[in-house]
Structure formats: C-alpha cells, structure tokens
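Colleague: upload25.txt is the file, holding compact mmCIF, C-alpha atoms and all ligand atoms:
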```txt
# COMPACT_ATOMS: atom_id res chain seq x y z
CA MET E 338 -17.47 -25.06 23.17
CA ASN E 339 -14.86 -25.03 25.89
CA ARG E 340 -11.73 -24.83 23.79
CA PHE E 341 -9.64 -23.07 26.43
CA GLU E 342 -10.46 -24.93 29.63
CA ASN E 343 -7.43 -24.92 31.98
CA ARG E 344 -5.59 -22.51 29.68
CA VAL E 345 -4.12 -19.24 30.90
CA VAL E 346 -4.44 -16.33 28.46
CA LEU E 347 -3.03 -12.80 28.40
CA VAL E 348 -4.74 -10.14 26.28
CA THR E 349 -2.99 -6.77 26.06
CA GLY E 350 -5.33 -3.79 25.77
CA GLY E 351 -8.33 -5.82 26.93
CA CYS E 352 -10.21 -3.06 28.74
CA ARG E 353 -12.59 -2.00 25.98
CA ASN E 354 -13.78 -2.49 22.42
CA THR E 355 -12.03 -5.29 20.48
CA GLY E 356 -9.73 -6.38 23.30
CA LEU E 357 -12.62 -6.68 25.75
CA GLU E 358 -14.51 -8.93 23.33
CA ILE E 359 -11.40 -11.12 22.98
CA VAL E 360 -11.16 -11.40 26.78
CA ASN E 361 -14.87 -12.18 26.96
CA LEU E 362 -14.65 -15.00 24.41
CA PHE E 363 -11.71 -16.71 26.12
CA LEU E 364 -13.55 -16.49 29.47
CA ARG E 365 -16.70 -17.88 27.88
CA GLU E 366 -14.66 -20.83 26.64
CA GLY E 367 -13.17 -21.74 30.00
CA ALA E 368 -9.85 -19.86 30.15
CA ARG E 369 -8.36 -17.92 33.01
CA VAL E 370 -7.66 -14.50 31.52
CA PHE E 371 -5.27 -11.69 32.43
CA PHE E 372 -5.61 -8.43 30.53
CA CYS E 373 -3.97 -5.04 30.71
CA GLY E 374 -4.63 -1.39 30.03
CA THR E 375 -2.80 1.85 30.64
CA SER E 376 -4.61 3.15 33.74
CA ALA E 377 -6.35 1.91 36.85
CA ALA E 378 -9.55 3.56 35.61
CA SER E 379 -9.58 1.73 32.25
CA VAL E 380 -8.71 -1.59 33.89
CA ALA E 381 -11.52 -1.06 36.43
CA ALA E 382 -13.95 -0.24 33.60
CA GLY E 383 -12.99 -3.47 31.82
CA GLU E 384 -13.42 -5.49 34.98
CA ALA E 385 -16.79 -3.85 35.64
CA GLU E 386 -18.03 -4.73 32.15
CA LEU E 387 -16.93 -8.36 32.56
CA ALA E 388 -18.67 -8.50 35.94
CA ARG E 389 -21.82 -7.11 34.30
CA ARG E 390 -21.61 -10.02 31.85
CA ALA E 391 -21.28 -12.41 34.82
CA ARG E 392 -17.83 -13.56 33.78
CA ALA E 393 -15.33 -14.99 36.31
CA ASP E 394 -11.65 -15.89 36.39
CA TYR E 395 -10.25 -12.64 35.02
CA ARG E 396 -7.78 -10.12 36.35
CA GLY E 397 -6.94 -6.69 34.96
CA ILE E 398 -3.43 -5.31 35.37
CA VAL E 399 -2.18 -1.78 34.77
CA CYS E 400 0.67 -2.13 32.29
CA ASP E 401 1.96 0.17 29.58
CA VAL E 402 3.41 -2.23 27.01
CA GLY E 403 5.66 0.62 25.89
CA LYS E 404 7.63 0.18 29.14
CA SER E 405 9.80 -2.87 29.79
CA ALA E 406 9.47 -2.57 33.59
CA ASP E 407 5.66 -2.61 33.34
CA VAL E 408 5.70 -5.72 31.14
CA ALA E 409 8.09 -7.48 33.52
CA ALA E 410 5.86 -6.60 36.48
CA MET E 411 2.78 -7.90 34.64
CA MET E 412 4.54 -11.22 33.97
CA ASP E 413 5.56 -11.36 37.65
CA ALA E 414 1.89 -11.04 38.59
CA ILE E 415 0.84 -13.79 36.16
CA ASP E 416 3.64 -16.02 37.42
CA ALA E 417 2.64 -15.46 41.05
CA GLU E 418 -1.07 -16.02 40.45
CA ALA E 419 -1.17 -18.67 37.70
CA GLY E 420 2.44 -19.91 37.33
CA HIS E 421 1.73 -20.70 33.71
CA LEU E 422 0.78 -19.02 30.43
CA ASP E 423 -0.59 -20.64 27.29
CA VAL E 424 -1.77 -17.86 25.00
CA VAL E 425 -0.73 -14.24 24.41
CA VAL E 426 -2.91 -11.93 22.36
CA SER E 427 -1.04 -8.75 21.49
CA ASN E 428 -3.94 -6.42 20.84
CA ALA E 429 -2.94 -3.14 22.54
CA ALA E 430 -2.19 -0.41 20.07
CA HIS E 431 -1.59 3.29 19.87
CA LEU E 432 -4.00 4.26 17.09
CA GLY E 433 -2.10 7.41 16.18
CA GLN E 434 -5.29 9.33 15.52
CA GLY E 435 -5.00 12.99 14.55
CA GLU E 436 -1.63 12.60 12.88
CA ASN E 437 -0.19 15.15 10.48
CA ALA E 438 0.56 14.31 6.87
CA ALA E 439 3.89 12.51 6.44
CA PRO E 440 6.16 15.54 5.93
CA ASP E 441 5.04 17.06 9.24
CA VAL E 442 4.92 14.05 11.56
CA PRO E 443 7.18 14.72 14.56
CA VAL E 444 9.73 11.93 14.72
CA ALA E 445 9.20 11.67 18.49
CA ASP E 446 5.49 10.86 17.91
CA PHE E 447 6.40 8.36 15.19
CA LEU E 448 8.82 6.57 17.52
CA GLU E 449 6.32 6.60 20.38
CA ILE E 450 3.77 4.75 18.25
CA LEU E 451 6.37 2.24 17.05
CA ASN E 452 7.44 1.75 20.66
CA VAL E 453 3.92 0.74 21.71
CA ASN E 454 2.77 -1.18 18.65
CA LEU E 455 6.00 -2.94 17.69
CA GLY E 456 8.10 -2.61 20.85
CA GLY E 457 5.12 -3.60 23.02
CA THR E 458 4.51 -6.75 21.02
CA LEU E 459 8.20 -7.69 21.12
CA ARG E 460 8.45 -7.06 24.88
CA VAL E 461 5.36 -9.09 25.71
CA VAL E 462 6.30 -12.03 23.48
CA GLN E 463 9.91 -12.06 24.70
CA GLU E 464 8.86 -12.10 28.34
CA ALA E 465 6.16 -14.70 27.74
CA ALA E 466 8.58 -16.94 25.85
CA LYS E 467 11.45 -16.69 28.32
CA ARG E 468 9.41 -16.97 31.49
CA PHE E 469 6.75 -19.42 30.40
CA PHE E 470 6.59 -20.91 26.92
CA LEU E 471 10.17 -22.13 26.60
CA ARG E 472 10.15 -23.60 30.11
CA GLN E 473 6.82 -25.36 29.92
CA GLU E 474 6.09 -28.92 28.91
CA SER E 475 4.61 -29.11 25.46
CA ASN E 476 0.97 -29.99 24.99
CA ALA E 477 0.81 -33.75 24.32
CA ALA E 478 -1.74 -33.40 21.53
CA THR E 479 -0.26 -30.46 19.61
CA GLY E 480 3.40 -30.47 20.62
CA GLN E 481 3.00 -26.76 21.41
CA ARG E 482 4.23 -24.85 24.42
CA GLY E 483 2.59 -21.53 23.71
CA VAL E 484 0.64 -19.53 21.17
CA VAL E 485 0.80 -15.87 20.19
CA VAL E 486 -1.83 -14.04 18.17
CA CYS E 487 -1.04 -10.46 17.18
CA ILE E 488 -3.63 -7.97 15.99
CA GLY E 489 -2.43 -6.00 13.01
CA SER E 490 -4.41 -4.11 10.42
CA ASN E 491 -5.08 -4.13 6.70
CA THR E 492 -3.37 -0.71 6.71
CA ALA E 493 -0.08 -2.68 6.76
CA HIS E 494 -0.28 -2.94 2.99
CA HIS E 495 -2.97 -0.44 1.93
CA VAL E 496 -1.92 2.69 3.77
CA GLN E 497 -4.10 5.58 4.89
CA ARG E 498 -3.49 9.30 4.46
CA ARG E 499 -2.23 11.04 7.63
CA HIS E 500 -1.50 7.75 9.39
CA VAL E 501 2.19 7.30 8.69
CA SER E 502 3.14 6.10 12.18
CA TYR E 503 0.24 3.70 12.68
CA CYS E 504 0.50 2.20 9.18
CA THR E 505 4.26 1.83 9.50
CA SER E 506 3.84 0.07 12.84
CA LYS E 507 1.32 -2.37 11.39
CA GLY E 508 3.53 -2.96 8.35
CA GLY E 509 6.44 -3.73 10.66
CA LEU E 510 4.26 -6.16 12.57
CA GLU E 511 4.11 -8.39 9.49
CA SER E 512 7.90 -8.79 9.57
CA LEU E 513 8.04 -9.02 13.36
CA VAL E 514 5.48 -11.83 13.47
CA GLN E 515 7.32 -13.78 10.81
CA CYS E 516 10.65 -13.32 12.65
CA LEU E 517 9.08 -14.45 15.91
CA ALA E 518 7.55 -17.48 14.19
CA LEU E 519 10.87 -18.33 12.59
CA ASP E 520 12.84 -18.18 15.82
CA LEU E 521 10.20 -19.55 18.20
CA GLY E 522 8.37 -21.99 15.93
CA PRO E 523 10.95 -24.78 16.12
CA ARG E 524 10.81 -24.40 19.91
CA GLY E 525 7.09 -25.11 20.10
CA VAL E 526 5.56 -21.65 19.91
CA ARG E 527 3.08 -20.65 17.22
CA VAL E 528 2.95 -16.95 16.26
CA ASN E 529 0.38 -15.55 13.84
CA LEU E 530 -1.03 -12.21 12.76
CA LEU E 531 -4.66 -11.28 12.22
CA GLU E 532 -5.25 -8.19 10.10
CA PRO E 533 -8.73 -6.72 10.49
CA GLY E 534 -10.11 -3.83 8.50
CA TYR E 535 -12.94 -1.72 9.90
CA ILE E 536 -14.00 -2.93 13.35
CA TRP E 537 -17.07 -1.52 15.05
CA THR E 538 -16.03 0.17 18.30
CA LYS E 539 -17.85 2.58 20.60
CA ARG E 540 -16.17 5.35 18.61
CA TRP E 541 -18.61 4.53 15.78
CA ASN E 542 -21.38 5.97 17.97
CA ASP E 543 -19.83 9.41 17.46
CA LEU E 544 -19.44 9.11 13.69
CA PRO E 545 -21.85 10.94 11.39
CA GLU E 546 -24.15 8.48 9.59
CA GLU E 547 -22.58 9.57 6.29
CA VAL E 548 -19.14 8.40 7.47
CA ARG E 549 -20.49 5.03 8.59
CA ARG E 550 -22.24 4.67 5.24
CA LYS E 551 -19.02 5.48 3.35
CA ARG E 552 -17.03 2.97 5.38
CA ARG E 553 -19.57 0.24 4.76
CA ALA E 554 -19.69 1.11 1.07
CA ASN E 555 -15.92 0.62 1.03
CA THR E 556 -16.37 -3.09 1.84
CA LEU E 557 -17.63 -5.95 -0.33
CA THR E 558 -19.95 -7.18 2.42
CA GLY E 559 -21.58 -3.89 3.45
CA ARG E 560 -20.49 -4.42 7.03
CA GLU E 561 -17.57 -3.88 9.35
CA SER E 562 -16.30 -6.61 11.67
CA THR E 563 -17.54 -6.60 15.23
CA GLY E 564 -15.25 -7.18 18.19
CA GLU E 565 -16.91 -10.60 18.51
CA ASN E 566 -15.99 -11.44 14.90
CA VAL E 567 -12.36 -10.56 15.62
CA ALA E 568 -12.44 -12.55 18.86
CA GLU E 569 -13.70 -15.64 17.00
CA ALA E 570 -10.80 -15.42 14.54
CA VAL E 571 -8.29 -14.92 17.37
CA ALA E 572 -9.72 -17.92 19.21
CA PHE E 573 -9.40 -20.09 16.12
CA LEU E 574 -5.74 -19.11 15.62
CA ALA E 575 -5.05 -19.73 19.32
CA SER E 576 -6.85 -23.07 19.39
CA ASP E 577 -5.64 -26.62 18.95
CA ALA E 578 -7.58 -26.64 15.66
CA ALA E 579 -4.92 -24.42 14.04
CA PRO E 580 -1.68 -26.40 14.58
CA THR E 581 -0.23 -25.55 11.18
CA PHE E 582 -0.93 -21.81 11.23
CA GLN E 583 2.59 -20.55 11.82
CA GLY E 584 3.92 -17.15 10.77
CA SER E 585 0.62 -16.62 8.93
CA ILE E 586 -0.94 -13.28 8.09
CA LEU E 587 -4.71 -13.53 7.96
CA LYS E 588 -6.67 -10.58 6.58
CA MET E 589 -10.29 -10.06 7.70
CA ASP E 590 -11.41 -6.74 6.22
CA SER E 591 -14.75 -7.45 4.53
CA GLY E 592 -12.96 -7.42 1.19
CA ALA E 593 -12.16 -3.71 1.50
CA THR E 594 -8.68 -4.13 0.00
CA VAL E 595 -9.41 -6.73 -2.68
CA ALA E 596 -9.80 -4.34 -5.61
CA LEU E 597 -6.73 -2.84 -7.25
CA TYR E 598 -8.59 0.32 -8.33
CA PRO E 599 -11.32 2.46 -6.73
CA PRO E 600 -14.55 2.34 -8.80
CA TYR E 601 -14.00 5.72 -10.51
CA ALA E 602 -10.61 4.55 -11.83
CA GLU E 603 -12.25 1.67 -13.72
CA ASP E 604 -12.54 2.42 -17.47
CA SER E 605 -16.30 1.86 -17.43
CA VAL E 606 -17.12 4.19 -14.50
CA PRO E 607 -17.23 8.01 -14.85
CA LEU E 608 -14.95 10.17 -12.68
CA PRO E 609 -16.67 11.53 -9.56
CA GLU E 610 -18.17 15.00 -9.78
CA GLY E 611 -15.65 17.68 -8.82
CA TRP E 612 -12.67 15.49 -9.66
CA LYS E 613 -9.55 17.54 -10.44
CA GLU E 614 -6.61 16.25 -12.45
CA ASP E 615 -4.15 17.28 -9.73
CA MET E 616 -6.05 15.55 -6.91
CA PRO E 617 -3.75 13.15 -5.09
N1 LIG E 701 -10.85 -0.23 15.41
C1 LIG E 701 -10.56 -0.58 14.15
O1 LIG E 701 -11.30 -0.25 13.20
C2 LIG E 701 -9.34 -1.41 13.87
C3 LIG E 701 -9.07 -1.79 12.55
C4 LIG E 701 -7.99 -2.60 12.27
C5 LIG E 701 -7.16 -3.03 13.29
N2 LIG E 701 -7.41 -2.63 14.57
C6 LIG E 701 -6.54 -3.12 15.63
O2 LIG E 701 -7.32 -3.84 16.56
C7 LIG E 701 -6.78 -3.67 17.88
C8 LIG E 701 -7.85 -3.11 18.81
O3 LIG E 701 -8.35 -1.91 18.26
P1 LIG E 701 -9.49 -1.07 19.02
O4 LIG E 701 -9.99 -0.07 18.06
O5 LIG E 701 -10.42 -1.99 19.71
O6 LIG E 701 -8.58 -0.32 20.12
P2 LIG E 701 -9.00 0.74 21.25
O7 LIG E 701 -10.46 0.89 21.34
O8 LIG E 701 -8.18 1.98 21.00
O9 LIG E 701 -8.44 0.03 22.57
C9 LIG E 701 -7.08 -0.16 22.69
C10 LIG E 701 -6.76 -0.89 23.96
O10 LIG E 701 -5.33 -0.97 24.03
C11 LIG E 701 -4.90 -0.39 25.23
N3 LIG E 701 -3.62 0.26 25.06
C12 LIG E 701 -3.28 1.30 24.26
N4 LIG E 701 -2.00 1.63 24.44
C13 LIG E 701 -1.51 0.78 25.37
C14 LIG E 701 -0.26 0.62 26.00
N5 LIG E 701 0.78 1.41 25.71
N6 LIG E 701 -0.11 -0.36 26.93
C15 LIG E 701 -1.14 -1.17 27.24
N7 LIG E 701 -2.36 -1.07 26.69
C16 LIG E 701 -2.54 -0.10 25.77
C17 LIG E 701 -5.97 0.61 25.64
O11 LIG E 701 -5.85 0.78 27.03
P3 LIG E 701 -6.69 1.92 27.81
O12 LIG E 701 -8.08 1.36 27.85
O13 LIG E 701 -6.03 2.02 29.13
O14 LIG E 701 -6.58 3.16 26.99
C18 LIG E 701 -7.23 -0.14 25.20
O15 LIG E 701 -7.65 -1.04 26.20
C19 LIG E 701 -5.58 -2.75 17.72
O16 LIG E 701 -4.40 -3.52 17.58
C20 LIG E 701 -5.86 -2.03 16.42
O17 LIG E 701 -4.68 -1.55 15.80
C21 LIG E 701 -8.48 -1.83 14.89
```
For this file, write the structure as structure tokens.

Modeller:
Amino acid sequence: MNRFENRVVLVTGGCRNTGLEIVNLFLREGARVFFCGTSAASVAAGEAELARRARADYRGIVCDVGKSADVAAMMDAIDAEAGHLDVVVSNAAHLGQGENAAPDVPVADFLEILNVNLGGTLRVVQEAAKRFFLRQESNAATGQRGVVVCIGSNTAHHVQRRHVSYCTSKGGLESLVQCLALDLGPRGVRVNLLEPGYIWTKRWNDLPEEVRRKRRANTLTGRESTGENVAEAVAFLASDAAPTFQGSILKMDSGATVALYPPYAEDSVPLPEGWKEDMP
C-alpha cells in the first residue's frame, strides 16, 4: 500500500522504539517524514537506523516539545523544506519513570511531565494548525486539511502506582484531544487519540523474564503490542480510510483493562498466598 504518497508527516519522538516504527511505516507507504528528538545524538541514531533499513525522504530535527521556541523552529524547518504538512503524530512523551508515590511527588517534576506530554502536544498541534492546516486547501476526496494522531496510554483511566504525573498527563490528553477535535474539526482537521497498553520496546531486553511473563499474563492475548502494531493503528487513523474518526479515543491494550476485578478478587478464585487484609 502507498496510502501516504505525496503526504508530509511529522512524528514527535521518532528517534527510537514506538516513534521510530511509526516513522518507518509512513516512509514505507510513500510519505516524506520529519521527526524529532531531544538531542543531536538521538536524532542521529534514529536517522542511522532508518538508513540501515534503506529508507529515504526523512529528516530528523532536534526539538524539545516542552519548549515553544524549539517547536516554532521545527515548524520553520518543515515550512522551508516541504512548505506543507498533512499529518502530525504526537508521540513524544516523558515517561516519568522512577516517580515517588503520590504524596511525595515534587510538584516541579509533576509540572515538567505535564509540560512535555500535554503542553508539547498542544504546542505542536497549535503550530501545525496555524502555519499549515488552516491555510491549506482541503483534500478533494476527504474534505480534510490535516490530521493529528496523539499517542496516549491505557493508564489514562486505569492508573498505575507511583506514576501520578505520567497517568495524569495521559488522562488530560483525553480531554485535550476532544477539545482540539471540537475546535479544529469544523475547520477540516481530524484529531484522534490512540491508547496503547504494554508496547515492546528495547527496554524489555533489560527486564527479568519473570516481569515479562507477568506483563503478558496481565493481558487477554498473552502478548504486548509491538511498535509496528501501534504504527499500523496510527496509520489507519491518519489515513483517508478513517474520515469519521474525530475526537475518538481508541484503546489497544491486549484487553489488559477489560476486567473490573483482578482474578483473586473474583468470588470463585482464592486470595493469593501471603495476602494481607491491609494490603492496598
Ligand atoms: N512503552 C510502552 O509500554 C507504552 C505504553 C503505553 C503508551 N506508550 C506511549 O507511547 C509513546 C511512545 O512510547 P515509547 O515507550 O516508545 O517511548 P520512548 O522509548 O521513551 O521514546 C520516546 C521518544 O520521545 C522523545 N521525547 C521525549 N521527550 C521529548 C521532548 N521533550 N521533546 C521531544 N521528544 C521527546 C524521545 O527523544 P530522545 O530519543 O531524544 O530521548 C524518544 O525519541 C509515548 O507517548 C508513550 O507514553 C508507551
């Protein structure tokens, strides 16, 4: 398939793992792709991996989406080189790993994560809309002038211990995406949110086998998504085949959050060994 021939795509955080697979899929399907990361080294590593895969028509840009000046400069570069933008994938995220439990999270750290995950998405979409989408002719077939796909997380509604900042940011993304869709939708821009659960990344290589096994057991499919799986879903939402996906929130978490209760809380299943009444 060549669903994105002659389309210009921006993927934030496209240097590695999920973002890199999203970049790779758009390139494979004919797009010209810009992507960003936080340092020259990570951008160079992303470019090197794409070169290894014999991809062409990509350009990495150093841009911290937490900084308005960086986002403006990235849009300047896209304007100068392509003069057009069709798709934005807001994938970059501060994962907030190693956080304290909620009572001890420093507010400065909390705000830093919101600034990247929520503020970064808002900055990128605002700039893309003002500079490109709202000035461009609409696509004759779809009536659209631009598409945004944001990457959220199933932790928006099933939160994790010691991840208050990250979960809050992904929860806020649900509202942000709907607000963006509401305000930009009537002007020809589609905005949707994909919410993955576990995604295999290179970090899984460092996990003990027991942890991988537990994660997989916590799904209904016995498997985590791959970056390629996420990229396929992003491509669908960004494609002309999804004209009525607008302000949608699409969960893809292998069924990990379907059940209301964990197995041991079901009447028919015994409590796990070592369970204490006061366990949270
Ligand atoms: N991994 C999972 O299991 C999982 C599950 C659910 C949802 N998600 C979501 O899926 C997306 C990708 O996750 P991932 O695990 O593949 O991420 P990752 O491996 O941590 O990569 C994140 C990418 O975002 C970039 N980035 C981080 N902060 C940035 C900033 N301030 N400005 C610009 N770029 C920035 C990083 O740039 P550098 O390379 O320069 O550091 C990197 O390229 C995220 O939105 C995440 O929340 C992930």

Colleague: Tell me which of E:Arg560, E:Arg353, E:Arg524, E:Lys467 sits closest to ligand LIG 701 (chain E), counting all atoms listed in the file.

Modeller: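 Result for the nearest residue to ligand LIG 701 (chain E): E:Arg353.
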
Colleague: So which residues touch segment 492-506 of chain E within 8 Å, counting all atoms listed in the file, skipping near sequence neighbours fewer than 3 positions away, as number ranges by chain?

Modeller: E: 431-439, 442, 446-448, 450-451, 454-455, 489, 509-511, 534, 594

Colleague: Kindly provide, as a ChimeraX atom specification, all nucleotide and amino acid residues lying within 8 Å of ligand LIG 701 (chain E), counting all atoms listed in the file.

Modeller: /E:349-357,373-380,383,399-404,427-432,453-454,457,487-492,503,507,532-540,564

Colleague: In terms of the shortest atom-to-atom distance over all atoms listed in the file, which of E:Val461, E:Val346, E:Val484, E:Ala554 is closest to Ala575 of chain E?

Modeller: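 Comparing E:Val461, E:Val346, E:Val484, E:Ala554 against Ala575 of chain E, the winner is E:Val484.
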
Colleague: Would you compute the distance between atom CA of Arg552 of chain E and atom CA of Ala602 of chain E? Give it in Å to one decimal.

Modeller: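 Atom-to-atom, atom CA of Arg552 of chain E and atom CA of Ala602 of chain E are spaced 18.4 Å apart.
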
Colleague: Which distance in Å separates atom CA of Leu587 of chain E and atom CA of Ala570 of chain E, to one decimal?

Modeller: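 According to the coordinates, atom CA of Leu587 of chain E and atom CA of Ala570 of chain E are separated by 9.2 Å.
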
Colleague: With only C-alpha atoms as the basis for distance, which of E:Ser605, E:Thr458, E:Thr581, E:Asn542 is at the shortest distance from Arg527 of chain E?

Modeller: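 Using only C-alpha atoms, the shortest distance to Arg527 of chain E belongs to E:Thr581.
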
Colleague: Determine the nearest neighbour of Leu574 of chain E from the options E:Asn529, E:Tyr598, E:Glu546, E:Asp394, counting all atoms listed in the file.

Modeller: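 Ranked by minimum distance to Leu574 of chain E, first place goes to E:Asn529.
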
Colleague: Have a look at atom CA of Ala368 of chain E and atom CA of Asp423 of chain E and let me know their distance in Å, one decimal.

Modeller: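 Separating atom CA of Ala368 of chain E from atom CA of Asp423 of chain E is a distance of 9.7 Å.
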
Colleague: My list of candidates is E:Arg344, E:Leu387, E:Leu557, E:Gly420. Which is closest to Asn476 of chain E when distances are computed with all atoms listed in the file?

Modeller: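 Under the stated criterion, the closest residue is E:Arg344.
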
Colleague: Return segment 537-550 of chain E, completed with N, CA and C atoms, as a compact mmCIF listing (two decimals), in the coordinates of the input.

Modeller:
```txt
# COMPACT_ATOMS: atom_id res chain seq x y z
N TRP E 537 -16.15 -2.39 14.31
CA TRP E 537 -17.07 -1.52 15.05
C TRP E 537 -16.54 -1.37 16.48
N THR E 538 -16.38 -0.12 16.90
CA THR E 538 -16.03 0.17 18.30
C THR E 538 -17.00 1.22 18.80
N LYS E 539 -16.94 1.54 20.08
CA LYS E 539 -17.85 2.58 20.60
C LYS E 539 -17.62 3.92 19.92
N ARG E 540 -16.43 4.09 19.33
CA ARG E 540 -16.17 5.35 18.61
C ARG E 540 -17.14 5.53 17.44
N TRP E 541 -17.67 4.42 16.91
CA TRP E 541 -18.61 4.53 15.78
C TRP E 541 -19.88 5.27 16.20
N ASN E 542 -20.20 5.24 17.51
CA ASN E 542 -21.38 5.97 17.97
C ASN E 542 -21.27 7.46 17.70
N ASP E 543 -20.03 7.97 17.65
CA ASP E 543 -19.83 9.41 17.46
C ASP E 543 -19.65 9.79 15.99
N LEU E 544 -19.66 8.80 15.10
CA LEU E 544 -19.44 9.11 13.69
C LEU E 544 -20.74 9.58 13.04
N PRO E 545 -20.67 10.57 12.17
CA PRO E 545 -21.85 10.94 11.39
C PRO E 545 -22.30 9.72 10.56
N GLU E 546 -23.61 9.61 10.35
CA GLU E 546 -24.15 8.48 9.59
C GLU E 546 -23.50 8.37 8.21
N GLU E 547 -23.19 9.54 7.61
CA GLU E 547 -22.58 9.57 6.29
C GLU E 547 -21.21 8.86 6.29
N VAL E 548 -20.47 9.03 7.38
CA VAL E 548 -19.14 8.40 7.47
C VAL E 548 -19.31 6.89 7.61
N ARG E 549 -20.24 6.48 8.45
CA ARG E 549 -20.49 5.03 8.59
C ARG E 549 -20.89 4.43 7.25
N ARG E 550 -21.76 5.16 6.53
CA ARG E 550 -22.24 4.67 5.24
C ARG E 550 -21.08 4.52 4.26
```
